[in-house]
Every structure is written in structure tokens, then in C-alpha cells.
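Chemist: Below is a structure I'd like to ask you about.
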Amino acid sequence: MAEILISPGVSAIENDQSQITQGPVAVGTAIIGPTVKGPVEIPTIVTSYSDYKNKFGTSLLSGSSVYTYFTSIAAYNYFQNGGESLLVARVVSGSFTPATSSTITNTVTATPGAFATASKALAALADPISIEFRIVDNSSNTYRFLPTASGNYQDDTDGKLYFFASGALATTISNLATKISSVTALGVTATTSTTTLILSGSASGSVYNGYTFQTGSVSSFSTQATLAGGVDGIGSNAFVLATLSKGIIMNNSGSEDSNGALISGSADNIRWQIISSNTSSGTFTLVIRQGNDNNINKPPLETWTNISLDPLAENYISKQIGDSVPYYDVTSNQILSTGQNENNSRYVRVSSVTSPTPNYFDNNGTAKAQYTASIPINSSGSFGSATGTIGSNAKFYDQIITAAPNTQGVAGSDYNNMINLLANTDNYKFNVLLTPGLTSQENSSQISSIISNTENRGDNIFVLDLVPFDIDSTAVVTSAASNKNTSYAAAYWPWVQLRDPDTSALVYVPASTVIGGVYAKNDSLAAPWFAPAGINRGGLTLVSKAKLKLSQNDRDNLYSKKVNPIATLNNIPVVYGQKTLQTEASALDRVNVRRLLVALKSYISQVANNLLFEQNTAATRNTFLSRVNPYLADVQARQGLYAFRVVMDETNNTAATIDQNQLNGGIYIQPTKTVEFIYLTFNITPTGATFPG
């Protein structure tokens, strides 16, 4: 039935009459599945496998073994075979939250520190002039204080030797205190109470804990007091960052080893660093670093220079980095967001600015005193407090068998939100959809929903898996395919073995994991309307072997019942079929024709969209024809069509049609067919016989 347009739009309708009796905007493949890290339920474009790894990770530890999700293996195969754009929709089981930054300290004191102190009563010193006083810091630097009758000796500051005047005991102790306080390099202040010397760190903090006050002469000295009780003050948090990726994998500890590496840092999480802090300009530089780097090797992932905490300035941190919090809304089936500024960072967003500096400069261009302490100091730190665990009691590879619970750590229902979201053709463009990990046998509800959505979208083909790993019966496989009837989906079997791109282990994966790569290879070598099958374009170069070596009878049985076999020819796995799951015989029961229609409808609909709200005249119709006819001629020249015709004139755009604000176009095509059956007859003739002309 034709679609009735109520609001302005374009209806691209297929009329399959093939029963037996400029270029388009590039779109790529979409994949729904679990990943190690990354945004949860936020479809994200990646353009290379390196980009994929940065955003979504690779392998995970489950129990005591390392595994890689089918999603990652499919992404690797896709890009290795020439894929250019992949839309990744991450699914998880349970609640996942981002990690937040450790305290990014400024000098606005939130919690004051305590001073290190010590005191010593020196009344027992009968002859203080014959005694040397010393203070030894925590780096074993020794500051020597010698009493003299006049106190007029020249201090040797390089040798840390200082002189002061002696006298009565109380006078001597008082002069000693004055001299100690004058040595700024020491950083200790001293006062007296009669003959008691009272020492203190010159600033609060634990740095002065452990300084010792000693007395003695020549080489014999004893410790009289040790400074203690110093506590570091806690500066206020200048701002808070949150990771775009969610899950506990983003957490790491602030503890560092001797090389400056975070103890729990990894390639999958990140750390932050503030450099070039400048209170005069009110700016600083934020560096996002990889969680497993160190002081010797710390190439930045991102560097944000000359940013400020002034919300009225263009270089305000939230404007530069972004503060948006995107989330999937079930009610509207859309990605909504909070925040005022689009995220520009690939790794973090600004969660809050706790020490803003509005109008940082006064009218003379000088930094206002009340704001200079708000600028973060040069420092570095980690991220923590994220929740969400992956891989708990998960089943991977050949462990995924009939009725196996917790496949890859997620349930079929965990896919529902992203299945529903990717039904939206206006917001998400792709021509192939993969869900490796779901099977028709175990996840029939999800598979049915995807097929329905794909048919409604009309602009892609869904590659599905029929059965788990343990099914070796072609009868069970074909039975799983028998209740599907659509030209918008294709199924391949059996499972295949390949090397995990991250661990190099030989693992078994469902066929859809590698078919995205087959389609990408087919398109890079030829075009979507060529068959993604056979030795030339269907060879599985990254696959070690198919789980089963199918006999000719097996392949015949599968293909006659709409399942594309993965054959083994001369020990090389090859995709040896290109049927869709359409039951009735027509041109659309072949993958290459379905993908041809996807390509044609995508381009022609783009042309038509540009004509909406234009004048309904012959000039507008000619604009359409001038773009569509050359495109179809190019497809014909590239072996996609035998013939075509486009009708958009007075015959299908009558006065009555125009009065209804409609523009009608009739597009007639004859798709090319592929060679799938070759019959060769060898005739043996007697000597001297004449060969037929």
C-alpha cells in the first residue's frame, strides 16, 4: 500500500515487478552491541579501528581470562576490509555512570591546614656560647647557628652557617630565635618564652614535619625537638570533569609509582593535568592524558590551551570543552541532553565550574584580587567514582550455546533501546546493520523488531545470525530461517574461527561478525550492486576456518532455504551465497539487488528532499530529471542496471495532482542479475570431427 503523506516529506515506494512469470551522501555500517568502554546508548561515529579503540576499547578481563566483544571484532574486520564509517551503539547490562576528576585544586582555601611545631626548654644550658645549634630539614640539609660574643661574624649562606650574639641565657635564646626566623631558605620561624625556644613551619602543611632541632659541639649532636603536627590545607575544587565513557573501567587511582604512572591507570582510562597556570591572564592549559602513561612517555590525547573560568569570556572552559550530558529518553525514543554547550572533547565534559571568575579583569585590565586564587594550580590527577561492571559471568565465543544465559554479559532486552532508536531514519543513516551476539533462535523478539524497523526504514539491509555456536544441524538452521520473509535481511552460516585482533587468540565468532567486512570489501572493489560473495569479493581473508566444512549437499540445502553458506574451497573460507530472506522468487531475493535499491533510494531521496517547497513547475521537474538520469546512467555503466526510465512529466503530474501539492515520479529499473550457476558441457568427439561453429 502506498504511504499517504500527511506532513511535508518524501515517500520512496518500491513496486516489485520482477517476479518470475552526482553521488549520494556516503553512509556506512551500524552495529549494536556491548563494548569495553564508551558512551552508553549514544550512537557514535568512528572512522577507523584506531578511532574505535580510543572510544570503545578492545579486550576485557572476565574471571581470569581476556576476551574481546564481537562488536570489536566486527569493527576490526569492517575497517580492515576498506570500511570508512561505522556507527556504534553501545549496550550494557545494569546502571553505568561516568568517572569524575579528582580535586583540581586552586588556592582558594576550602579547608585550612595546620602548622608543624616543636618547642624545647633550654634552661639547662649552663654555657650556651660553647654550644652549636642546628636545624636539619627532611633533605638532610643542615643549617648551623653559632653564638659569638659580638655576633658580628659574616654569615656563610652558601655553607648554611649563621652567627648571632650571645649573652645571658634568655638573651642568647632570643637572639637565636631571631636568627632562625631570618633564614628564609630554611622556612622555619622561631619565638621564645623566657628560655624556651618555640619552632614552627613558616606555612601550614606537612612539608615541615620531621625537621629536627639539635644541640652539641664538634661532631657530637643530639636531637632536642622534632617538628610535627603539620597538616596540608585543602584548596577548593576549581572545576569538575566527567568522562564521556561510562563504567568502572574509567576509574583509576591517584597513587603514582616512581615513574609517575598511575598505579591503576590503563590504556582504557584517562588522567588530567593542569599546566601553564597564569593568574595574571586568568588562563591555564588542560591536558587529557592516557591512563597508563608516565613522566617519561606522556603524549597528550587532547590539549586545551588558554582556557579560563570566566563564563563571560569566549575561552570559558565549558564553551571550549563542552558541558552537554546526552542520554537516551525512552518516552520520546530520542537522544536528549542537558547542558548549554556542545561537547568538543572526545573524552571529557565539564561537569561543573565551582570557582567561576566572571569579569576576571577590572577596567584597567588588571586581574581582580578576589578571583586570582580561583585559577587552578599546576597539578595532575585521576578519575574515579564511576559505576558499572562489564563481563560479569559472561559467555564468550564457543561458550555461547543454546539457551546460554548472559551472552557476552548482556541480555537480549538490553538491546531494545538501541534497536528502537536506530529505527529513526532521519537521525541515523547507515546501509548495513549488524548485531553480532543476538541470534534468531535465542533472541527472536529483538530480531523481529529489527527486521520490522529495517523494512520501515527501507534504506539498509540487516545481517543476522540464526543460531548459537553449538548448532551443527542444517535442518535446525534452515528452520530458523524459514519463518523469516523479507528482502531487507540476510543470514549466513556457520560460525567461523579467526584471530582475535587484540589478544591474537584463535576464537569462534558468528558469521555476521565478518560479513560487514565482506560488504565493505565488495563496495571498495566494485559497488553495492555487485554480489558480496564468491572468491573475488567473498573470500574471508581474516578467517582461519569455518566451524564446519560444508558439503555440496549441505550448501544446496542451505541455499535453497535462504541461508547463505560459508563454504571452504581449497581450505579457504568463502561466502558462497547472496540470498535475502525473501521467500518468493524475485529480483529482491538477492542481496546485490536489495543493496542496489538501498543505494538508488538513498540518492534519489536526497535529490527529492532538495525540491520540497519549490515551485511545482516543469523547471522543478527538469531539475530532478537532470540529476537522477545521469546518476542512473552511471549505475548502468557500472553494471548495476540493464535499463532504466524516469518519468516525471505531465502524464503523472496532472493539474489535479499539482493542486494537491504533490510531485510524482515514476522510476523503472531492470537490475542486473549475477552469475550463480554455471553449466559447462565437455564433449568428446572422434578424431577428425568438425567442431560446431
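Identifiers for the C-alpha cells are assigned positionally: chains receive A, B, ... in sequence, residues are indexed from 1 per chain, and ligands are indexed from 1 in the order shown.
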Could you list, as number ranges by chain, every residue within 9 Å of Pro299 (chain A), counting only C-alpha atoms and ignoring same-chain residues fewer than 4 positions away?
Modeler: A: 289-290, 293
Chemist: Could you take the residues named above and write them with C-alpha atoms, as a short mmCIF file (atom, residue, chain, number, x, y, z; two decimals), in the first residue's frame?
Modeler:
data_model
loop_
_atom_site.label_atom_id
_atom_site.label_comp_id
_atom_site.auth_asym_id
_atom_site.auth_seq_id
_atom_site.Cartn_x
_atom_site.Cartn_y
_atom_site.Cartn_z
CA ARG A 289 46.39 12.06 29.08
CA GLN A 290 46.09 8.31 28.70
CA ASP A 293 51.33 6.95 30.59
#
Chemist: Mind listing the helix (DSSP H, G or I) residues of region 421-638 of chain A, per DSSP on the backbone, as a VMD selection string?
Modeler: chain A and resid 421 444 to 457 474 to 482 512 to 525 534 to 538 552 to 560 587 to 589 591 to 609 618 to 637
Chemist: Show me, as a tab-separated table, the residues of region 483-564 of chain A having an atom within 8 Å of region 460-475 of chain A, each with the closest atom pair and its distance in Å, using only C-alpha atoms.
Modeler:
residue	atom	partner	partner_atom	distance
A:Tyr488	CA	A:Ile461	CA	4.8
A:Ala489	CA	A:Phe462	CA	4.5
A:Ala490	CA	A:Val463	CA	5.1
A:Ala491	CA	A:Leu464	CA	5.3
A:Tyr492	CA	A:Asp465	CA	6.7
A:Trp493	CA	A:Asp465	CA	7.5
A:Trp495	CA	A:Phe469	CA	6.6
A:Pro510	CA	A:Asp465	CA	6.7
A:Ala511	CA	A:Asp465	CA	6.7
A:Ser512	CA	A:Val463	CA	6.0
A:Ile515	CA	A:Val463	CA	7.6
A:Leu548	CA	A:Asp472	CA	7.8
A:Asp554	CA	A:Thr474	CA	7.0
A:Asn557	CA	A:Thr474	CA	7.6
A:Leu558	CA	A:Thr474	CA	6.8
Chemist: Quick one: write out the picked residues with N, CA and C atoms as a PDB file, in the first residue's frame?
Modeler:
ATOM      1  N   TYR A 488      14.916  -7.453   3.257  1.00  0.00           N
ATOM      2  CA  TYR A 488      15.751  -6.493   3.972  1.00  0.00           C
ATOM      3  C   TYR A 488      16.686  -7.161   4.978  1.00  0.00           C
ATOM      4  N   ALA A 489      16.808  -8.468   4.917  1.00  0.00           N
ATOM      5  CA  ALA A 489      17.707  -9.173   5.830  1.00  0.00           C
ATOM      6  C   ALA A 489      18.335 -10.354   5.114  1.00  0.00           C
ATOM      7  N   ALA A 490      19.530 -10.708   5.570  1.00  0.00           N
ATOM      8  CA  ALA A 490      20.236 -11.863   5.009  1.00  0.00           C
ATOM      9  C   ALA A 490      20.927 -12.599   6.144  1.00  0.00           C
ATOM     10  N   ALA A 491      20.994 -13.928   6.006  1.00  0.00           N
ATOM     11  CA  ALA A 491      21.599 -14.764   7.048  1.00  0.00           C
ATOM     12  C   ALA A 491      22.728 -15.598   6.454  1.00  0.00           C
ATOM     13  N   TYR A 492      23.779 -15.809   7.264  1.00  0.00           N
ATOM     14  CA  TYR A 492      24.963 -16.563   6.837  1.00  0.00           C
ATOM     15  C   TYR A 492      25.292 -17.595   7.921  1.00  0.00           C
ATOM     16  N   TRP A 493      25.883 -18.703   7.500  1.00  0.00           N
ATOM     17  CA  TRP A 493      26.211 -19.773   8.444  1.00  0.00           C
ATOM     18  C   TRP A 493      27.259 -20.678   7.799  1.00  0.00           C
ATOM     19  N   TRP A 495      29.341 -20.544  11.974  1.00  0.00           N
ATOM     20  CA  TRP A 495      30.291 -19.708  12.682  1.00  0.00           C
ATOM     21  C   TRP A 495      31.678 -19.922  12.089  1.00  0.00           C
ATOM     22  N   PRO A 510      30.247 -15.536  15.391  1.00  0.00           N
ATOM     23  CA  PRO A 510      29.152 -15.746  14.445  1.00  0.00           C
ATOM     24  C   PRO A 510      29.465 -15.073  13.114  1.00  0.00           C
ATOM     25  N   ALA A 511      28.815 -15.557  12.059  1.00  0.00           N
ATOM     26  CA  ALA A 511      29.134 -15.099  10.706  1.00  0.00           C
ATOM     27  C   ALA A 511      28.962 -13.597  10.527  1.00  0.00           C
ATOM     28  N   SER A 512      27.956 -13.000  11.171  1.00  0.00           N
ATOM     29  CA  SER A 512      27.725 -11.572  10.961  1.00  0.00           C
ATOM     30  C   SER A 512      28.924 -10.727  11.373  1.00  0.00           C
ATOM     31  N   ILE A 515      30.766 -10.476   8.082  1.00  0.00           N
ATOM     32  CA  ILE A 515      30.048 -10.120   6.863  1.00  0.00           C
ATOM     33  C   ILE A 515      30.071  -8.620   6.619  1.00  0.00           C
ATOM     34  N   LEU A 548      32.402 -25.634  10.329  1.00  0.00           N
ATOM     35  CA  LEU A 548      32.099 -26.870   9.602  1.00  0.00           C
ATOM     36  C   LEU A 548      32.512 -26.727   8.155  1.00  0.00           C
ATOM     37  N   ASP A 554      25.120 -29.989   1.707  1.00  0.00           N
ATOM     38  CA  ASP A 554      24.837 -29.020   2.764  1.00  0.00           C
ATOM     39  C   ASP A 554      24.581 -27.638   2.168  1.00  0.00           C
ATOM     40  N   ASN A 557      21.264 -27.456   0.372  1.00  0.00           N
ATOM     41  CA  ASN A 557      20.146 -27.429   1.311  1.00  0.00           C
ATOM     42  C   ASN A 557      19.995 -26.050   1.947  1.00  0.00           C
ATOM     43  N   LEU A 558      21.101 -25.476   2.350  1.00  0.00           N
ATOM     44  CA  LEU A 558      21.058 -24.151   2.965  1.00  0.00           C
ATOM     45  C   LEU A 558      20.582 -23.092   1.979  1.00  0.00           C
TER      46      LEU A 558
END
Chemist: Can you build me a table of region 365-447 of chain A residues sitting at most 7 Å from region 105-127 of chain A, with the closest atom pair per residue and its distance in Å to one decimal, using only C-alpha atoms, sorted by chain and residue number, as CSV?
Modeler:
residue,atom,partner,partner_atom,distance
A:Ala373,CA,A:Thr107,CA,4.9
A:Ser374,CA,A:Asn106,CA,5.5
A:Ile375,CA,A:Asn106,CA,5.6
A:Pro376,CA,A:Asn106,CA,4.1
A:Ile377,CA,A:Asn106,CA,5.3
Chemist: Atoms to include: C-alpha atoms. Write the selected residues as a PDB file, in the first residue's frame.
Modeler:
ATOM      1  CA  ALA A 373      43.090  32.425  43.782  1.00  0.00           C
ATOM      2  CA  SER A 374      40.348  30.659  41.782  1.00  0.00           C
ATOM      3  CA  ILE A 375      42.674  29.706  38.923  1.00  0.00           C
ATOM      4  CA  PRO A 376      43.753  26.033  39.215  1.00  0.00           C
ATOM      5  CA  ILE A 377      47.356  25.459  40.127  1.00  0.00           C
TER       6      ILE A 377
END
Chemist: Using CA of Ala170 (chain A) and CA of Asn141 (chain A) as the two end points, give the distance in Å to one decimal.
Modeler: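 If I compute the distance from CA of Ala170 (chain A) to CA of Asn141 (chain A), I get 27.4 Å.
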Chemist: So the first atom is CA of Tyr603 (chain A) and the second is CA of Lys521 (chain A); what is the distance between them in Å, to one decimal place?
Modeler: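 About the pair CA of Tyr603 (chain A) and CA of Lys521 (chain A): they are 21.0 Å apart.
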Chemist: Neighbouring residues of region 348-361 of chain A were defined as those with any atom within 9 Å, considering only C-alpha atoms; residues of the same chain fewer than 2 positions away were excluded. Please report them as an mmCIF file with C-alpha atoms, in the first residue's frame.
Modeler:
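The resulting around.cif:
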data_model
loop_
_atom_site.group_PDB
_atom_site.id
_atom_site.type_symbol
_atom_site.label_atom_id
_atom_site.label_comp_id
_atom_site.auth_asym_id
_atom_site.auth_seq_id
_atom_site.Cartn_x
_atom_site.Cartn_y
_atom_site.Cartn_z
ATOM 1 C CA THR A 100 34.716 12.290 37.689
ATOM 2 C CA ASN A 106 43.123 26.208 43.267
ATOM 3 C CA VAL A 108 41.044 29.327 47.499
ATOM 4 C CA SER A 236 38.787 24.303 46.712
ATOM 5 C CA ASN A 237 37.908 22.458 43.504
ATOM 6 C CA ALA A 238 38.249 24.852 40.566
ATOM 7 C CA PHE A 239 36.059 22.697 38.313
ATOM 8 C CA VAL A 240 34.975 19.079 37.848
ATOM 9 C CA LEU A 241 35.365 16.952 34.724
ATOM 10 C CA ALA A 242 33.344 13.851 33.861
ATOM 11 C CA THR A 243 34.285 11.172 31.356
ATOM 12 C CA LEU A 244 32.110 10.636 28.307
ATOM 13 C CA SER A 245 32.779 6.925 28.656
ATOM 14 C CA SER A 281 45.782 36.360 32.440
ATOM 15 C CA GLY A 282 43.347 34.121 34.295
ATOM 16 C CA ILE A 288 43.931 14.945 28.864
ATOM 17 C CA SER A 308 39.516 30.307 31.634
ATOM 18 C CA LEU A 309 36.872 30.097 34.332
ATOM 19 C CA ASP A 310 35.223 33.342 33.225
ATOM 20 C CA PRO A 311 31.713 32.423 31.996
ATOM 21 C CA LEU A 312 31.526 35.722 30.091
ATOM 22 C CA ALA A 313 34.675 35.024 28.061
ATOM 23 C CA ILE A 317 36.154 26.159 29.820
ATOM 24 C CA SER A 318 32.573 24.977 29.319
ATOM 25 C CA ILE A 321 35.344 21.656 26.066
ATOM 26 C CA GLY A 322 31.571 21.361 26.396
ATOM 27 C CA ASP A 323 29.208 20.500 29.224
ATOM 28 C CA SER A 324 26.443 18.553 27.486
ATOM 29 C CA VAL A 325 25.088 15.359 29.058
ATOM 30 C CA ASN A 343 30.845 18.627 23.686
ATOM 31 C CA ASN A 344 34.008 19.226 21.677
ATOM 32 C CA SER A 345 36.246 16.853 23.609
ATOM 33 C CA ARG A 346 36.350 13.198 22.641
ATOM 34 C CA ASN A 363 38.503 48.383 33.939
ATOM 35 C CA ASN A 364 42.285 48.790 33.815
ATOM 36 C CA GLY A 365 42.765 45.263 32.502
ATOM 37 C CA THR A 366 44.152 44.014 35.806
ATOM 38 C CA ALA A 367 43.082 40.714 37.321
ATOM 39 C CA LYS A 368 40.693 41.229 40.211
ATOM 40 C CA GLN A 370 39.135 38.161 44.550
ATOM 41 C CA TYR A 371 39.485 35.872 41.515
ATOM 42 C CA THR A 372 43.209 35.156 41.144
ATOM 43 C CA SER A 374 40.348 30.659 41.782
ATOM 44 C CA ILE A 375 42.674 29.706 38.923
#
Chemist: From the list A:Leu197, A:Val675, A:Ala411, A:Ala689, which residue is nearest Arg590 (chain A) when using only C-alpha atoms?
Modeler: A:Val675
Chemist: So, with only C-alpha atoms as the atoms that count, which of A:Thr68, A:Arg627, A:Met418, A:Asn54 lies closest to Ala505 (chain A)?
Modeler: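 The closest residue to Ala505 (chain A) is A:Thr68.
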Chemist: Quick one: contact table of region 20-99 of chain A to region 436-442 of chain A, 12 Å max, nearest atom pair and distance in Å to one decimal per residue, counting only C-alpha atoms, chain and number order, as a Markdown table?
Modeler:
| residue | atom | partner | partner_atom | distance |
| --- | --- | --- | --- | --- |
| A:Ala30 | CA | A:Pro436 | CA | 11.3 |
| A:Ile31 | CA | A:Pro436 | CA | 8.1 |
| A:Ile32 | CA | A:Pro436 | CA | 7.8 |
| A:Gly33 | CA | A:Pro436 | CA | 7.1 |
| A:Pro34 | CA | A:Gly437 | CA | 9.0 |
| A:Thr35 | CA | A:Gly437 | CA | 11.8 |
| A:Tyr69 | CA | A:Gly437 | CA | 8.8 |
| A:Phe70 | CA | A:Pro436 | CA | 5.9 |
| A:Thr71 | CA | A:Pro436 | CA | 6.6 |
| A:Ser72 | CA | A:Pro436 | CA | 10.0 |
| A:Ile73 | CA | A:Pro436 | CA | 9.6 |
| A:Ala74 | CA | A:Pro436 | CA | 7.8 |
| A:Ala75 | CA | A:Pro436 | CA | 10.8 |
| A:Val91 | CA | A:Gly437 | CA | 11.5 |
Chemist: With N, CA and C atoms retained, export the selected residues as a compact mmCIF listing (two decimals), in the first residue's frame.
Modeler:
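As a result, part_39.txt now contains:
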# COMPACT_ATOMS: atom_id res chain seq x y z
N ALA A 30 26.18 0.20 10.61
CA ALA A 30 25.85 0.41 12.02
C ALA A 30 25.96 -0.91 12.76
N ILE A 31 26.36 -0.84 14.02
CA ILE A 31 26.49 -2.04 14.83
C ILE A 31 25.96 -1.76 16.23
N ILE A 32 25.16 -2.67 16.74
CA ILE A 32 24.64 -2.57 18.11
C ILE A 32 25.25 -3.71 18.92
N GLY A 33 25.85 -3.38 20.06
CA GLY A 33 26.44 -4.44 20.88
C GLY A 33 27.22 -3.89 22.05
N PRO A 34 27.67 -4.77 22.93
CA PRO A 34 28.46 -4.34 24.09
C PRO A 34 29.88 -3.98 23.69
N THR A 35 30.48 -3.05 24.41
CA THR A 35 31.87 -2.68 24.22
C THR A 35 32.53 -2.53 25.59
N TYR A 69 34.86 -8.43 22.76
CA TYR A 69 33.47 -8.47 22.32
C TYR A 69 33.38 -8.66 20.80
N PHE A 70 32.30 -9.31 20.36
CA PHE A 70 32.05 -9.45 18.92
C PHE A 70 31.98 -8.08 18.26
N THR A 71 31.48 -7.09 18.98
CA THR A 71 31.39 -5.73 18.43
C THR A 71 32.75 -5.25 17.97
N SER A 72 33.77 -5.46 18.80
CA SER A 72 35.12 -5.00 18.47
C SER A 72 35.70 -5.80 17.31
N ILE A 73 35.47 -7.10 17.30
CA ILE A 73 36.00 -7.93 16.22
C ILE A 73 35.33 -7.56 14.90
N ALA A 74 34.02 -7.28 14.95
CA ALA A 74 33.31 -6.86 13.74
C ALA A 74 33.84 -5.52 13.24
N ALA A 75 34.12 -4.60 14.16
CA ALA A 75 34.67 -3.30 13.77
C ALA A 75 36.03 -3.47 13.11
N VAL A 91 25.62 -1.11 24.16
CA VAL A 91 24.60 -1.57 25.09
C VAL A 91 25.30 -2.18 26.31
Chemist: What is the CA of Asn252 (chain A)-CA of Ser101 (chain A) distance in Å, reported with one decimal?
Modeler: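 Result for CA of Asn252 (chain A) versus CA of Ser101 (chain A): 10.0 Å, one decimal.
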Chemist: Quick one: of A:Leu498, A:Leu611, A:Leu597, A:Ile131, who's nearest to Ile667 (chain A), counting only C-alpha atoms?
Modeler: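 So, comparing all the options, the nearest one is A:Leu597.
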Chemist: Using only C-alpha atoms, can you tell me which of A:Val646, A:Thr389, A:Leu663, A:Asn77 comes closest to Asn609 (chain A)?
Modeler: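 Closest candidate: A:Leu663.
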Chemist: Could you pull the residues within 12 Å of region 578-584 of chain A, counting only C-alpha atoms, minus those fewer than 5 positions along the same chain, as a ChimeraX atom specification?
Modeler: /A:16,18-21,451,455,461-466,478,480-493,515,518-519,529-534,537-538,558-566,589-595,673-676
Chemist: Quick one: of A:Ala149, A:Ile249, A:Leu421, A:Val136, who's nearest to Ala168 (chain A), counting only C-alpha atoms?
Modeler: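 Nearest to Ala168 (chain A): A:Ala149.
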